[in-house]
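J.: Have a look at the structure that comes next, please.
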Amino acid sequence: MKPVLVIGGGIAGIQASLDLADRGTKVHLVERTPSIGGVMAQLDKTFPTMDCSICILAPKMIECYRHPNITIHTQSEVVGLEGSVGDFNVKVLEHPRSVDSAKCTGCGLCSEKCPVKKPSTFQAGLGQRKAIYLAFPQAVPLIATIDREACLWFTKGVCRTCEKVCPSKAVDYEQKENVVELNVSSVIAATGFEQYNPKDIGEYGYGRYKNVLTALEFERLVCASGPTGGVLNRPSDGKVSHNIVFIQCVGSRTQTTGYPYCSSSCCMYATKEAVLIKEHEPSSHVTIFYMDLKTFGKGFQGFVDRAQSHWGVNYIRGRPGEIREDPVTKSLTILYENTEVGKVERVDADMVVLCTAAVPHRDNGKLAAVLGVPLDGYGFFEVGDPVSAPVETGKPGVYVCGSCHGPRDIPESVAEASATAAKAAEDAARAEVGQ
Amino acid sequence: MAPRIGVFICRCGINIAAYVDVPKVVEYAKTLPGVAYAEENMYTCSSDGLNKIKEAIKKHNLDRVVVASCTPRTHEPLFQATCEEAGVNKYLFEMANIRDQCSWVHMREPEKATKKAKDLIRMAVAKAALLEPDDEPEIDVIPSTLVIGGGVSGMRAALSVADQGFDVTIVEKEPALGGKLRGFDSLFPHKQKASEVLEPLIEKVTTHPRIRVLTESRLKSVYGFIGNFDIGVETGKGVETLKVGTIIVAVGAEVLKPRGLYLYGEDPRVVTQSELEQLLHTGSVNAEKIVMIQCSGSRSAERPYCSRICCNEAVKNALNVTEKGKEVYILYRDLQTYGIHYSRLEQEAKRKGIRFLKYQADKPPTITAEPNGLKVSVYSPTVNETVEVTANMLVLSTPLVPVSDAKELSQMLKVPLDSNGFFMEAHVKLRPIDFATDGIFVCGTAHSPKDIGESVAQALGVASRASIPMAKKRVRTAAIMSQVDQTRCSGCGTCIDVCPYNALRKNEKGLAETIAAVCKGCGVCGATCPEKAITMHHFTDEQIQAQGLAALEED
């Protein structure tokens, strides 16, 4: 039986890989960043059960890593695809880590000694990492990587401290990129999404007001393994925030940004983050401004009911028009129209969290061209028949799952991932009987 | 030979180390009887941490391993596999939960947290010293699947399992396949006729060489376990027995008929959304002005869930009748038009003049039957006034509710239902279509309300999940099970009565014995047996006593 190519190492790609590998199919899992795990690895808890996200994800990441049928290619991208179902020739470009993965033990000494600091992607820019770094403590594989754009050796030809301190002599500045050629029977794209950057919505001041954060930034802030150890120190002055406002549908459900759709999970993760604030400090004030409260998933309505009745989270219907910052205290005032009394009201906050649109990943266009499959008008992968063929791209043998074809939550992504595994298994069964 | 126990204490970043003095606990662990080695790790579950366990096993010749970290619920399999890789039987592994049960609950009292971590580790070490190796016998998997329910979910699951090369039997209680899709007119988003999806699908299923369909049939009995289920099916011709390796639950859901609500059942002009679908299907909607009420019977005290599909179905049907020149009002609480496709539908509806009026749960619309129509009066907070509309037809968007025999089925299959009566998956996030019981899976609206595309995705998903053990051909059973000492058993049968899994039976001598593959190791029989004839593997009386006594010692 030929292997299957899975593109994207988030929860969808992980599940698709495990389903196939468990049944005995070899899998090549291609991930563009230094570690598998995806966005789920960055989340603090998951709604509606408040499971610790990394705690339930890490065992699956490790299972992928340890599975004899799965080969993980990190810092890699698919750059070529030819052939047809049952017989695809794939080119995978592996970018250099500048660290020998066979030697690195992930001890972290190199990062400790590295003199260069950069904002950490994993911490959503709130914390810092070094030029040589481990993506996050539970990264899989747990191998350091050098950011060549930041490293002093690559930019200025000086330093080489990491090479000196590495006890296992794993640093390799000469490492070149490498193209791996594979022959696979089916391809599964599970490349995920990204968050809309709200800096263009001037009236909310994101980027200008330090205490206006995105939900993903807040997720790191509230997380025990985040930059503040889970204490809600606001960015401007480190003061612990007790009064926090969430704004839903930022950049979504509006024509002006080009993302007029509902992003599906924001009402619930805002509710989760609100409950987390209350769990950390029950006397906190939390207000969520929403358009429609989307509680359509299993257990969602009950979760929102508990957030309101047990935790006292305050929900207000409306889209605030403007956020103002006090130039001295850096505290914020949110202006909104109270439709019930028909006048503009205001509410003060230490910190504002913007729940932004889930938007197509910027690399979708490139990958779609390589795979020869269509994108929709927004730039998500397009499924031709969402009713009868919900994971099929129209090109036989190429499937999609998870949020690369539109916003969806974790369980939907996981179920779809298994669905793509079933389609790939059908392809393999057909190839076996020679159809 | 004295045991050589290795103890690995996890800092879990700061989750444990910020409240428990981990270096101190490591030093303490080294003093415990039987402990040959102890160390701390930043994250024991990282690949680095796991490698350290393996190295220590080799270097210090360890024969038992204790990890003090988080919960065995998520991490025990990982650490057990690591032990196996280093040549230590996985049942010689023990875990102490010093995070969820210690550092997290004693954040404000670090000294006590440290003391408790020591206690928990002392207990785990005491048990570990008495652990015995066990094996997990392999059993063959019958390469055949039972699909319960012949709606779109059941048919798509069956078709995929069959296309993956395994036999399938579909059991459907109705005379024909098709399920709820039969009641639909057109399907979103391409306005395809439901029959154009359904008829070719039924054709494919009924002509597939690997699929057998039993209509007008009901599940009668389920015995056995993953790989070897014995199924009794009541057909028109009597009870048929089947042997299958895996089971897929695809029984769907029913539409609530809300007798008494908003004059439903009292005034013929009040129909449910699915009845409107039927009327659209037959082309007999005779009303010029239509009012739809969302959340009719859902998001209420009685049914505290959102039924997910009703807003989308209402908008779809509203667009459909608007095209025929009718005027439609949709009274809603929160519009659940999520995702790309449904958002587009909502925008189209607003463009085409469908009137959306928000109402509040505590101020529901009132309906008065009048000779010339139904007077609907509703307070809408968005316009801050009470709006009155006289309609010729009132359409209630009612929720999907569990099928009437869901409880009976769940008891037969020994799988749980959630508080709303839908089938409950093993884990809401990461195992959305598995049951906790191995070899049984759930898809479609039996799990919770969802649209057809989502049901099909889940159906394909369970087709993968159910095929995995069949493709592997063999599965390992758990070693944590009861064992009856035949020399002590008096044959009283108490254990058989209390076993929730039907995992005990009487043998030809009239004495109890465990059916290994069915036993879940819950321990109820062991606790009940008056003769103390039952031993629980991995939880023997000696092991539990040692652990308990260790709890009472002082550090």
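Ordering of the structure tokens sets the chain letters (A, B, ...); residue numbers start at 1 within each chain; ligands are numbered from 1 in the order shown.
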Within 6 Å of chain A, which residues of chain B are there when counting only C-alpha atoms? Please give them as number ranges by chain.
T.: B: 46, 163-164, 305-306, 308, 334-336, 338-340, 343, 381-382, 384, 429, 432, 452-453, 457-458, 460-461, 464, 468, 471-472
J.: Using only C-alpha atoms, pick whichever of A:Ala124, A:Phe218, A:Gly9, A:Cys114 has the shortest atom-to-atom distance to Thr74 of chain A.
T.: A:Gly9
J.: Do a neighbour search on Met481 of chain B at 10 Å with only C-alpha atoms, toss out local chain neighbours closer than 4 positions, and write the hits as a PyMOL selection string.
T.: chain B and resi 477+503+514-523+526+534-539
J.: Convert the current residue selection to file output with all heavy atoms, as a compact mmCIF listing (two decimals), in the first residue's frame.
T.:
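For reference, part-v1.txt as written:
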```txt
# COMPACT_ATOMS: atom_id res chain seq x y z
N THR B 477 -6.68 -6.68 24.00
CA THR B 477 -7.65 -6.41 25.06
C THR B 477 -6.90 -5.86 26.27
O THR B 477 -5.70 -6.01 26.38
CB THR B 477 -8.38 -7.70 25.47
OG1 THR B 477 -7.41 -8.60 26.01
CG2 THR B 477 -9.06 -8.35 24.28
N ALA B 503 -19.96 -9.08 32.00
CA ALA B 503 -18.65 -9.66 31.72
C ALA B 503 -18.38 -10.92 32.54
O ALA B 503 -17.30 -11.48 32.47
CB ALA B 503 -17.56 -8.62 31.99
N THR B 514 -14.73 -14.83 34.34
CA THR B 514 -14.74 -13.54 33.65
C THR B 514 -14.58 -13.75 32.15
O THR B 514 -13.78 -14.57 31.72
CB THR B 514 -13.57 -12.67 34.15
OG1 THR B 514 -13.67 -12.56 35.57
CG2 THR B 514 -13.60 -11.29 33.53
N ILE B 515 -15.37 -13.01 31.36
CA ILE B 515 -15.15 -12.99 29.91
C ILE B 515 -14.16 -11.85 29.66
O ILE B 515 -14.51 -10.67 29.73
CB ILE B 515 -16.46 -12.74 29.14
CG1 ILE B 515 -17.57 -13.68 29.64
CG2 ILE B 515 -16.24 -12.89 27.64
CD1 ILE B 515 -18.97 -13.24 29.21
N ALA B 516 -12.91 -12.23 29.42
CA ALA B 516 -11.82 -11.27 29.45
C ALA B 516 -12.06 -10.05 28.57
O ALA B 516 -11.87 -8.90 28.99
CB ALA B 516 -10.52 -11.96 29.04
N ALA B 517 -12.50 -10.28 27.35
CA ALA B 517 -12.59 -9.16 26.42
C ALA B 517 -13.75 -8.22 26.74
O ALA B 517 -13.81 -7.11 26.23
CB ALA B 517 -12.72 -9.68 25.00
N VAL B 518 -14.69 -8.65 27.56
CA VAL B 518 -15.83 -7.79 27.90
C VAL B 518 -15.55 -6.97 29.15
O VAL B 518 -16.04 -5.87 29.31
CB VAL B 518 -17.11 -8.64 28.09
CG1 VAL B 518 -18.33 -7.75 28.25
CG2 VAL B 518 -17.31 -9.59 26.92
N CYS B 519 -14.74 -7.55 30.04
CA CYS B 519 -14.48 -6.91 31.33
C CYS B 519 -13.80 -5.56 31.13
O CYS B 519 -12.85 -5.44 30.35
CB CYS B 519 -13.60 -7.82 32.19
SG CYS B 519 -13.19 -7.09 33.78
N LYS B 520 -14.30 -4.54 31.84
CA LYS B 520 -13.71 -3.20 31.74
C LYS B 520 -12.85 -2.90 32.96
O LYS B 520 -12.33 -1.80 33.11
CB LYS B 520 -14.82 -2.16 31.64
CG LYS B 520 -15.53 -2.18 30.31
CD LYS B 520 -14.79 -1.33 29.29
CE LYS B 520 -15.17 -1.76 27.90
NZ LYS B 520 -14.13 -1.44 26.92
N GLY B 521 -12.76 -3.87 33.89
CA GLY B 521 -11.89 -3.67 35.05
C GLY B 521 -12.42 -2.68 36.05
O GLY B 521 -11.65 -2.07 36.79
N CYS B 522 -13.74 -2.51 36.13
CA CYS B 522 -14.29 -1.49 37.04
C CYS B 522 -14.14 -1.89 38.50
O CYS B 522 -14.10 -1.03 39.37
CB CYS B 522 -15.75 -1.20 36.69
SG CYS B 522 -16.91 -2.50 37.15
N GLY B 523 -14.12 -3.20 38.78
CA GLY B 523 -13.86 -3.64 40.15
C GLY B 523 -15.09 -3.88 41.00
O GLY B 523 -14.97 -4.27 42.16
N GLY B 526 -15.22 -7.44 42.31
CA GLY B 526 -14.19 -7.70 43.31
C GLY B 526 -14.60 -7.16 44.67
O GLY B 526 -14.39 -7.80 45.71
N ILE B 534 -12.38 -12.89 44.03
CA ILE B 534 -12.10 -12.16 42.79
C ILE B 534 -10.91 -11.22 42.98
O ILE B 534 -10.88 -10.40 43.89
CB ILE B 534 -13.35 -11.38 42.31
CG1 ILE B 534 -14.46 -12.38 41.96
CG2 ILE B 534 -13.00 -10.51 41.10
CD1 ILE B 534 -15.74 -11.75 41.49
N THR B 535 -9.96 -11.36 42.09
CA THR B 535 -8.79 -10.48 42.09
C THR B 535 -8.92 -9.53 40.92
O THR B 535 -9.23 -9.95 39.81
CB THR B 535 -7.51 -11.31 41.91
OG1 THR B 535 -7.44 -12.25 42.99
CG2 THR B 535 -6.27 -10.43 41.93
N MET B 536 -8.65 -8.25 41.19
CA MET B 536 -8.61 -7.28 40.08
C MET B 536 -7.15 -7.11 39.67
O MET B 536 -6.34 -6.67 40.48
CB MET B 536 -9.15 -5.92 40.53
CG MET B 536 -10.60 -5.93 40.98
SD MET B 536 -11.70 -6.65 39.77
CE MET B 536 -11.37 -5.60 38.36
N HIS B 537 -6.88 -7.45 38.43
CA HIS B 537 -5.52 -7.28 37.96
C HIS B 537 -5.13 -5.81 38.02
O HIS B 537 -5.91 -4.95 37.64
CB HIS B 537 -5.38 -7.77 36.51
CG HIS B 537 -5.26 -9.24 36.41
ND1 HIS B 537 -4.13 -9.87 35.98
CD2 HIS B 537 -6.14 -10.23 36.72
CE1 HIS B 537 -4.32 -11.17 36.00
NE2 HIS B 537 -5.54 -11.42 36.45
N HIS B 538 -3.94 -5.53 38.48
CA HIS B 538 -3.38 -4.19 38.57
C HIS B 538 -3.99 -3.39 39.72
O HIS B 538 -3.56 -2.29 40.01
CB HIS B 538 -3.55 -3.42 37.24
CG HIS B 538 -2.54 -2.35 37.04
ND1 HIS B 538 -1.19 -2.60 36.96
CD2 HIS B 538 -2.65 -1.00 36.93
CE1 HIS B 538 -0.54 -1.46 36.80
NE2 HIS B 538 -1.40 -0.48 36.77
N PHE B 539 -5.04 -3.93 40.35
CA PHE B 539 -5.62 -3.29 41.53
C PHE B 539 -5.91 -4.38 42.57
O PHE B 539 -7.05 -4.51 43.02
CB PHE B 539 -6.88 -2.50 41.18
CG PHE B 539 -6.62 -1.30 40.35
CD1 PHE B 539 -6.66 -1.36 38.96
CD2 PHE B 539 -6.31 -0.08 40.94
CE1 PHE B 539 -6.40 -0.24 38.18
CE2 PHE B 539 -6.06 1.05 40.16
CZ PHE B 539 -6.09 0.97 38.79
```
J.: Quick one: everything within 7 Å of Ala253 of chain B, counting only C-alpha atoms, minus sequence neighbours fewer than 4 positions away in the same chain. Send it as a list in words.
T.: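 Answer for this query is Leu400, Val401, Pro402, Val403, Thr445 and Ala446 of chain B.
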J.: Just write the chosen residues, C-alpha atoms, as a PDB file, in the first residue's frame.
T.:
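Contents of selection.pdb, as written:
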```pdb
ATOM      1  CA  LEU B 400     -34.394  17.957  16.598  1.00  0.00           C
ATOM      2  CA  VAL B 401     -34.977  15.664  19.561  1.00  0.00           C
ATOM      3  CA  PRO B 402     -33.524  12.219  20.258  1.00  0.00           C
ATOM      4  CA  VAL B 403     -35.261   9.224  18.659  1.00  0.00           C
ATOM      5  CA  THR B 445     -27.922  13.645  14.271  1.00  0.00           C
ATOM      6  CA  ALA B 446     -27.892  10.736  16.732  1.00  0.00           C
TER       7      ALA B 446
END
```
J.: Can you tell me, as an NGL selection string, what residues are no more than 10 Å from His60 of chain B when counting only C-alpha atoms, ignoring any on the same chain fewer than 3 positions away?
T.: :B and (4-6 or 36-37 or 55-57 or 63)
J.: Please indicate the distance in Å from atom CA of Val398 of chain A to atom CA of Val456 of chain B, rounded to one decimal place.
T.: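 Calculated distance between atom CA of Val398 of chain A and atom CA of Val456 of chain B is 17.5 Å.
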J.: Neighbouring residues of Gly491 of chain B were defined as those with any atom within 7 Å, considering only C-alpha atoms; residues of the same chain fewer than 2 positions away were excluded. Please report them as a PDB file with N, CA and C atoms, in the first residue's frame.
T.:
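Wrote selection.pdb, looks like this:
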```pdb
ATOM      1  N   CYS B 489     -14.497 -19.570  44.897  1.00  0.00           N
ATOM      2  CA  CYS B 489     -15.833 -19.165  44.453  1.00  0.00           C
ATOM      3  C   CYS B 489     -16.882 -20.170  44.952  1.00  0.00           C
ATOM      4  N   GLY B 493     -23.187 -16.159  42.558  1.00  0.00           N
ATOM      5  CA  GLY B 493     -23.694 -15.382  41.425  1.00  0.00           C
ATOM      6  C   GLY B 493     -23.859 -13.905  41.686  1.00  0.00           C
ATOM      7  N   GLY B 510     -20.794 -24.363  37.514  1.00  0.00           N
ATOM      8  CA  GLY B 510     -21.650 -23.469  38.284  1.00  0.00           C
ATOM      9  C   GLY B 510     -20.872 -22.363  38.988  1.00  0.00           C
ATOM     10  N   LEU B 511     -19.603 -22.226  38.635  1.00  0.00           N
ATOM     11  CA  LEU B 511     -18.779 -21.201  39.271  1.00  0.00           C
ATOM     12  C   LEU B 511     -18.595 -20.008  38.310  1.00  0.00           C
ATOM     13  N   ALA B 512     -18.336 -18.859  38.900  1.00  0.00           N
ATOM     14  CA  ALA B 512     -18.216 -17.658  38.076  1.00  0.00           C
ATOM     15  C   ALA B 512     -16.901 -17.625  37.317  1.00  0.00           C
TER      16      ALA B 512
END
```
J.: Residues near Tyr43 of chain B, anyone? I mean within 10 Å using only C-alpha atoms, not counting same-chain ones fewer than 3 positions away, as a list in words.
T.: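 The contact residues come out as Pro137 and Gln138 of chain A; Ile9, Cys10, Arg11, Cys12, Gly13, Ile14, Glu40, Ser46, Ser47, Asp48, Gly49, Leu50 and Ser69 of chain B.
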J.: Which of these, B:Lys289, B:Lys316, B:Lys407, B:Lys414, has the shortest distance to Tyr223 of chain B once you count only C-alpha atoms?
T.: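 Between B:Lys289, B:Lys316, B:Lys407, B:Lys414, the residue approaching Tyr223 of chain B most closely is B:Lys414.
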J.: DSSP on the backbone: which residues in segment 440-510 of chain B end up as strand (DSSP E or B)? Give the answer as a PyMOL selection string.
T.: chain B and resi 440-442+474-476+482-484+504-506
J.: Can you measure atom CA of Ile142 of chain B to atom CA of Leu201 of chain B for me? One decimal in Å is fine.
T.: 26.2 Å
